[in-house]
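Asks: Can you keep this structure in mind? I'll have questions shortly.
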Amino acid sequence: MRVRTTSAAACAVLLAVTALAGCNRASDSGSGGGKVGIDLPRSDSDFWNSYQQYIEKGVKDGEVDALSLTNSQNDIGKLVANVQTFTDQGAKAVVMAPQDTGAIAESLQNLSEKKIPVVSVDTRPDKGEVYMVVRADNRAYGEKACTYLGEQLKGKGKVVEFQGDLSSINGRDRSEAFKSCMDKNFPGIKVFELATDWKGDVASAKLQSTLAAHPDINGIYMQAGGVFLQPTLALLEQKKRLVAPGTPGHITIISNDGIPEELDAIKAGKIDATVSQPADLYAKYALFYAKAALDGKTFKEGATDHDSTIIKIQGGFEDQLPAPLVTKENVDDPKLWANQLEKKN
């Protein structure tokens, strides 16, 4: 990060502990320590399973001293209970990824009253204090998907959009940005907004109905490849609609996540593009900021040395990590996190 700090020594200490470069405009109010409670949000998504692997590796490598990991399985009630367990066990910081960003407010208030800092990964809570949100610019996801589809379809056609859960800020940000971009830049494209609650079976069923009523669909935007990719490809193959780019009847597909399966699908000509959501960086900086919180670091707005920007949000700060567009032109880029994973036998 390009840094401005009240103490050069503070940065040096943080660097030595975390093995990460910089401490972006951080000030030091003392050093601390303690256990970190980490809740994983779900295990039904390839993206989140990859995130879990990175978290487990970071914990094993000693980046933080963590309590036993929990998994709230996309259930806000379980998340609330897991957070209470962390506090009962003496956690001094909490890392979470609330999928329902409105319902977590009371837990955040309780943690704030106990002076337990929170790092929220991938989602920005609607209310409450957080030490740092670690996520990419989700509005940019929707805008990139809109621009790519609009240009590929030359501003004409019919597009299906698999909307994520609109109770989540990520679902709202992607949906609102996609719609705004389409309305403004590609009025000749009709968009069918399909609410899915991030469920692949719901998306597949609704896509089947939409294709039956509108067989001339020529574009699909999947807001989460980790849950939508396989059921979508299976349905299109069954309906004989999964044809290669440049072939008559091809449906241009762009996704979000950047998991290895999406990259493989791009190479195979089954989908056209994705926006790579950095599972590795989500885990890396979740642990980085948890440790920084324990060490009494504070942050301000500005650019970082990991190509992101920290912005001020209500109740805290957000580190907006980069999320590149991936197409057949750059699908083999070794910098993409999915290309860094060891292939499993």
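The way I read the labels, and the way they are meant: chains A, B, ... in the order of the structure tokens, residue 1 as the first residue of every chain, and ligand 1 as the first ligand shown, with later ones counted on from there.
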Residues near A:Ala290, anyone? I mean within 9 Å using only C-alpha atoms, not counting same-chain ones fewer than 6 positions away, as a count of residues only.

Replies: 10

Asks: A:Leu67: which residues within 12 Å, counting only C-alpha atoms, same-chain residues fewer than 5 positions away excluded, as an MDAnalysis selection string?

Replies: chainID A and resid 34:39 56 59:60 82:83 85:95

Asks: Give me every strand (DSSP E or B) residue in stretch 21-118 of chain A, going by DSSP on the backbone, as a PyMOL selection string.

Replies: chain A and resi 27-28+35-40+65-66+70-71+93-96+118

Asks: Identify, with DSSP run on backbone atoms, the residues in stretch 1-208 of chain A assigned to alpha helix (DSSP H), and express the list as JSON, numbers by chain.

Replies: {"A": [8, 9, 10, 11, 12, 13, 14, 15, 16, 17, 18, 46, 47, 48, 49, 50, 51, 52, 53, 54, 55, 56, 57, 58, 59, 60, 76, 77, 78, 79, 80, 81, 82, 83, 84, 85, 86, 87, 88, 105, 106, 107, 108, 109, 110, 111, 112, 113, 138, 139, 140, 141, 142, 143, 144, 145, 146, 147, 148, 149, 150, 151, 152, 169, 170, 171, 172, 173, 174, 175, 176, 177, 178, 179, 180, 181, 182, 183, 184, 185, 200, 201, 202, 203, 204, 205, 206, 207, 208]}

Asks: Enumerate, in order of chain and increasing residue number, the residues of stretch 259-321 of chain A with an atom no farther than 9 Å from stretch 216-233 of chain A, each with its shortest atom pair and distance in Å to one decimal, counting only C-alpha atoms, as JSON lines.

Replies:
```
{"residue": "A:Ile259", "atom": "CA", "partner": "A:Gly226", "partner_atom": "CA", "distance": 6.9}
{"residue": "A:Glu261", "atom": "CA", "partner": "A:Leu229", "partner_atom": "CA", "distance": 8.2}
{"residue": "A:Glu262", "atom": "CA", "partner": "A:Gly225", "partner_atom": "CA", "distance": 6.9}
{"residue": "A:Ala265", "atom": "CA", "partner": "A:Leu229", "partner_atom": "CA", "distance": 9.0}
{"residue": "A:Lys270", "atom": "CA", "partner": "A:Leu233", "partner_atom": "CA", "distance": 7.6}
{"residue": "A:Ile271", "atom": "CA", "partner": "A:Leu233", "partner_atom": "CA", "distance": 8.6}
{"residue": "A:Thr274", "atom": "CA", "partner": "A:Gly225", "partner_atom": "CA", "distance": 8.1}
```

Asks: Could you write those residues out with N, CA and C atoms, as a PDB file, in the first residue's frame?

Replies:
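So part_28.pdb came out as:
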```
ATOM      1  N   ILE A 259     -14.316 -19.139 -10.397  1.00  0.00           N
ATOM      2  CA  ILE A 259     -13.881 -20.443  -9.907  1.00  0.00           C
ATOM      3  C   ILE A 259     -13.245 -21.248 -11.045  1.00  0.00           C
ATOM      4  N   GLU A 261     -13.970 -24.029 -12.353  1.00  0.00           N
ATOM      5  CA  GLU A 261     -14.949 -24.601 -13.281  1.00  0.00           C
ATOM      6  C   GLU A 261     -15.423 -23.575 -14.307  1.00  0.00           C
ATOM      7  N   GLU A 262     -15.506 -22.315 -13.906  1.00  0.00           N
ATOM      8  CA  GLU A 262     -15.878 -21.271 -14.863  1.00  0.00           C
ATOM      9  C   GLU A 262     -14.771 -21.073 -15.895  1.00  0.00           C
ATOM     10  N   ALA A 265     -14.931 -23.765 -18.294  1.00  0.00           N
ATOM     11  CA  ALA A 265     -16.079 -23.599 -19.192  1.00  0.00           C
ATOM     12  C   ALA A 265     -15.789 -22.554 -20.270  1.00  0.00           C
ATOM     13  N   LYS A 270     -18.171 -23.064 -23.400  1.00  0.00           N
ATOM     14  CA  LYS A 270     -19.510 -23.251 -22.839  1.00  0.00           C
ATOM     15  C   LYS A 270     -20.071 -21.963 -22.244  1.00  0.00           C
ATOM     16  N   ILE A 271     -19.199 -21.127 -21.694  1.00  0.00           N
ATOM     17  CA  ILE A 271     -19.594 -19.776 -21.319  1.00  0.00           C
ATOM     18  C   ILE A 271     -18.556 -18.833 -21.917  1.00  0.00           C
ATOM     19  N   THR A 274     -16.358 -14.372 -17.208  1.00  0.00           N
ATOM     20  CA  THR A 274     -16.730 -14.252 -15.805  1.00  0.00           C
ATOM     21  C   THR A 274     -15.982 -13.061 -15.218  1.00  0.00           C
TER      22      THR A 274
END
```

Asks: Quote the spacing between atom CA of A:Lys206 and atom CA of A:Arg135 in Å to one decimal place.

Replies: 28.7 Å

Asks: Per residue of stretch 70-142 of chain A within 7 Å of stretch 170-174 of chain A, which atom pair is closest and at what distance in Å (one decimal), using only C-alpha atoms, listed by chain and increasing number, as CSV?

Replies:
```
residue,atom,partner,partner_atom,distance
A:Thr123,CA,A:Asn170,CA,6.3
A:Asn138,CA,A:Arg174,CA,5.6
A:Arg139,CA,A:Asp173,CA,4.9
A:Tyr141,CA,A:Arg174,CA,6.0
A:Gly142,CA,A:Arg174,CA,4.3
```

Asks: Those same residues, written as a PDB file, in the first residue's frame with all heavy atoms?

Replies:
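out.pdb, freshly written:
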```pdb
ATOM      1  N   THR A 123     -19.597  -9.290   2.083  1.00  0.00           N
ATOM      2  CA  THR A 123     -20.843  -8.539   2.247  1.00  0.00           C
ATOM      3  C   THR A 123     -20.656  -7.384   3.214  1.00  0.00           C
ATOM      4  O   THR A 123     -19.907  -7.495   4.191  1.00  0.00           O
ATOM      5  CB  THR A 123     -21.982  -9.444   2.763  1.00  0.00           C
ATOM      6  OG1 THR A 123     -21.601 -10.012   4.016  1.00  0.00           O
ATOM      7  CG2 THR A 123     -22.307 -10.528   1.761  1.00  0.00           C
ATOM      8  N   ASN A 138     -19.056  -4.617  -5.889  1.00  0.00           N
ATOM      9  CA  ASN A 138     -20.086  -5.450  -6.496  1.00  0.00           C
ATOM     10  C   ASN A 138     -20.918  -4.719  -7.533  1.00  0.00           C
ATOM     11  O   ASN A 138     -21.484  -5.342  -8.423  1.00  0.00           O
ATOM     12  CB  ASN A 138     -20.979  -6.047  -5.411  1.00  0.00           C
ATOM     13  CG  ASN A 138     -20.394  -7.290  -4.794  1.00  0.00           C
ATOM     14  OD1 ASN A 138     -20.872  -8.395  -4.979  1.00  0.00           O
ATOM     15  ND2 ASN A 138     -19.311  -7.127  -4.032  1.00  0.00           N
ATOM     16  N   ARG A 139     -20.981  -3.410  -7.439  1.00  0.00           N
ATOM     17  CA  ARG A 139     -21.644  -2.661  -8.512  1.00  0.00           C
ATOM     18  C   ARG A 139     -20.851  -2.800  -9.811  1.00  0.00           C
ATOM     19  O   ARG A 139     -21.422  -2.878 -10.895  1.00  0.00           O
ATOM     20  CB  ARG A 139     -21.813  -1.189  -8.123  1.00  0.00           C
ATOM     21  CG  ARG A 139     -22.809  -0.952  -6.995  1.00  0.00           C
ATOM     22  CD  ARG A 139     -23.182   0.521  -6.876  1.00  0.00           C
ATOM     23  NE  ARG A 139     -23.885   0.987  -8.063  1.00  0.00           N
ATOM     24  CZ  ARG A 139     -25.199   0.860  -8.259  1.00  0.00           C
ATOM     25  NH1 ARG A 139     -25.945   0.266  -7.359  1.00  0.00           N
ATOM     26  NH2 ARG A 139     -25.756   1.324  -9.353  1.00  0.00           N
ATOM     27  N   TYR A 141     -19.302  -5.415 -10.687  1.00  0.00           N
ATOM     28  CA  TYR A 141     -19.644  -6.723 -11.258  1.00  0.00           C
ATOM     29  C   TYR A 141     -20.807  -6.585 -12.233  1.00  0.00           C
ATOM     30  O   TYR A 141     -20.780  -7.072 -13.359  1.00  0.00           O
ATOM     31  CB  TYR A 141     -20.071  -7.706 -10.164  1.00  0.00           C
ATOM     32  CG  TYR A 141     -18.987  -8.201  -9.242  1.00  0.00           C
ATOM     33  CD1 TYR A 141     -17.669  -7.778  -9.362  1.00  0.00           C
ATOM     34  CD2 TYR A 141     -19.290  -9.099  -8.239  1.00  0.00           C
ATOM     35  CE1 TYR A 141     -16.691  -8.241  -8.504  1.00  0.00           C
ATOM     36  CE2 TYR A 141     -18.320  -9.571  -7.373  1.00  0.00           C
ATOM     37  CZ  TYR A 141     -17.025  -9.129  -7.509  1.00  0.00           C
ATOM     38  OH  TYR A 141     -16.068  -9.599  -6.654  1.00  0.00           O
ATOM     39  N   GLY A 142     -21.874  -5.937 -11.741  1.00  0.00           N
ATOM     40  CA  GLY A 142     -23.058  -5.768 -12.588  1.00  0.00           C
ATOM     41  C   GLY A 142     -22.771  -4.928 -13.815  1.00  0.00           C
ATOM     42  O   GLY A 142     -23.255  -5.218 -14.916  1.00  0.00           O
TER      43      GLY A 142
END
```

Asks: Show me, as JSON, numbers by chain, the residues that have an atom within 8 Å of A:Ala338 when counting only C-alpha atoms, minus same-chain residues fewer than 3 positions from it.

Replies: {"A": [258, 259, 260, 263, 341]}

Asks: For atom CA of A:Val160 and atom CA of A:Val134, determine how far apart the two atoms are, in Å to one decimal place.

Replies: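 Straight-line distance from atom CA of A:Val160 to atom CA of A:Val134 works out to 28.9 Å.
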
Asks: Quick one: everything within 12 Å of stretch 306-321 of chain A, counting only C-alpha atoms, minus sequence neighbours fewer than 5 positions away in the same chain. Send it as number ranges by chain.

Replies: A: 1-3, 20-26, 105, 108-109, 112, 117-141, 276-286, 288-289, 298-301

Asks: Give me, as a PDB file with N, CA, C and O atoms, in the first residue's frame, all polymer residues having an atom no more than 8 Å from A:Val275, counting only C-alpha atoms and skipping those fewer than 5 positions away in the same chain.

Replies:
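So the final result, stored in part-v6.pdb, reads:
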```pdb
ATOM      1  N   TYR A 141     -19.302  -5.415 -10.687  1.00  0.00           N
ATOM      2  CA  TYR A 141     -19.644  -6.723 -11.258  1.00  0.00           C
ATOM      3  C   TYR A 141     -20.807  -6.585 -12.233  1.00  0.00           C
ATOM      4  O   TYR A 141     -20.780  -7.072 -13.359  1.00  0.00           O
ATOM      5  N   LYS A 144     -19.805  -4.491 -15.351  1.00  0.00           N
ATOM      6  CA  LYS A 144     -18.946  -5.228 -16.283  1.00  0.00           C
ATOM      7  C   LYS A 144     -19.757  -6.266 -17.054  1.00  0.00           C
ATOM      8  O   LYS A 144     -19.554  -6.456 -18.260  1.00  0.00           O
ATOM      9  N   ALA A 145     -20.661  -6.950 -16.351  1.00  0.00           N
ATOM     10  CA  ALA A 145     -21.491  -7.954 -17.013  1.00  0.00           C
ATOM     11  C   ALA A 145     -22.400  -7.304 -18.051  1.00  0.00           C
ATOM     12  O   ALA A 145     -22.562  -7.811 -19.171  1.00  0.00           O
ATOM     13  N   ILE A 254     -22.206 -14.674 -19.209  1.00  0.00           N
ATOM     14  CA  ILE A 254     -21.175 -14.114 -18.330  1.00  0.00           C
ATOM     15  C   ILE A 254     -21.580 -14.408 -16.901  1.00  0.00           C
ATOM     16  O   ILE A 254     -22.760 -14.382 -16.552  1.00  0.00           O
ATOM     17  N   SER A 255     -20.581 -14.691 -16.086  1.00  0.00           N
ATOM     18  CA  SER A 255     -20.816 -15.096 -14.716  1.00  0.00           C
ATOM     19  C   SER A 255     -20.023 -14.228 -13.756  1.00  0.00           C
ATOM     20  O   SER A 255     -19.281 -13.339 -14.170  1.00  0.00           O
ATOM     21  N   ASN A 256     -20.194 -14.473 -12.471  1.00  0.00           N
ATOM     22  CA  ASN A 256     -19.380 -13.870 -11.418  1.00  0.00           C
ATOM     23  C   ASN A 256     -18.839 -14.986 -10.522  1.00  0.00           C
ATOM     24  O   ASN A 256     -19.586 -15.916 -10.205  1.00  0.00           O
ATOM     25  N   ASP A 257     -17.622 -14.902 -10.142  1.00  0.00           N
ATOM     26  CA  ASP A 257     -16.923 -15.721  -9.145  1.00  0.00           C
ATOM     27  C   ASP A 257     -15.494 -16.003  -9.593  1.00  0.00           C
ATOM     28  O   ASP A 257     -14.559 -15.746  -8.854  1.00  0.00           O
ATOM     29  N   GLY A 258     -15.312 -16.578 -10.797  1.00  0.00           N
ATOM     30  CA  GLY A 258     -13.965 -16.887 -11.244  1.00  0.00           C
ATOM     31  C   GLY A 258     -13.422 -18.181 -10.692  1.00  0.00           C
ATOM     32  O   GLY A 258     -12.211 -18.339 -10.543  1.00  0.00           O
ATOM     33  N   ALA A 323     -11.340  -7.060  -9.107  1.00  0.00           N
ATOM     34  CA  ALA A 323     -12.040  -8.230  -9.651  1.00  0.00           C
ATOM     35  C   ALA A 323     -12.028  -8.121 -11.174  1.00  0.00           C
ATOM     36  O   ALA A 323     -12.886  -7.465 -11.765  1.00  0.00           O
ATOM     37  N   PRO A 324     -11.075  -8.765 -11.840  1.00  0.00           N
ATOM     38  CA  PRO A 324     -10.918  -8.595 -13.290  1.00  0.00           C
ATOM     39  C   PRO A 324     -11.930  -9.392 -14.116  1.00  0.00           C
ATOM     40  O   PRO A 324     -12.410 -10.448 -13.690  1.00  0.00           O
ATOM     41  N   LEU A 325     -12.239  -8.874 -15.294  1.00  0.00           N
ATOM     42  CA  LEU A 325     -13.038  -9.597 -16.277  1.00  0.00           C
ATOM     43  C   LEU A 325     -12.167 -10.666 -16.918  1.00  0.00           C
ATOM     44  O   LEU A 325     -11.031 -10.403 -17.317  1.00  0.00           O
ATOM     45  N   VAL A 326     -12.705 -11.877 -17.004  1.00  0.00           N
ATOM     46  CA  VAL A 326     -11.958 -12.991 -17.595  1.00  0.00           C
ATOM     47  C   VAL A 326     -12.696 -13.476 -18.836  1.00  0.00           C
ATOM     48  O   VAL A 326     -13.888 -13.791 -18.794  1.00  0.00           O
TER      49      VAL A 326
END
```
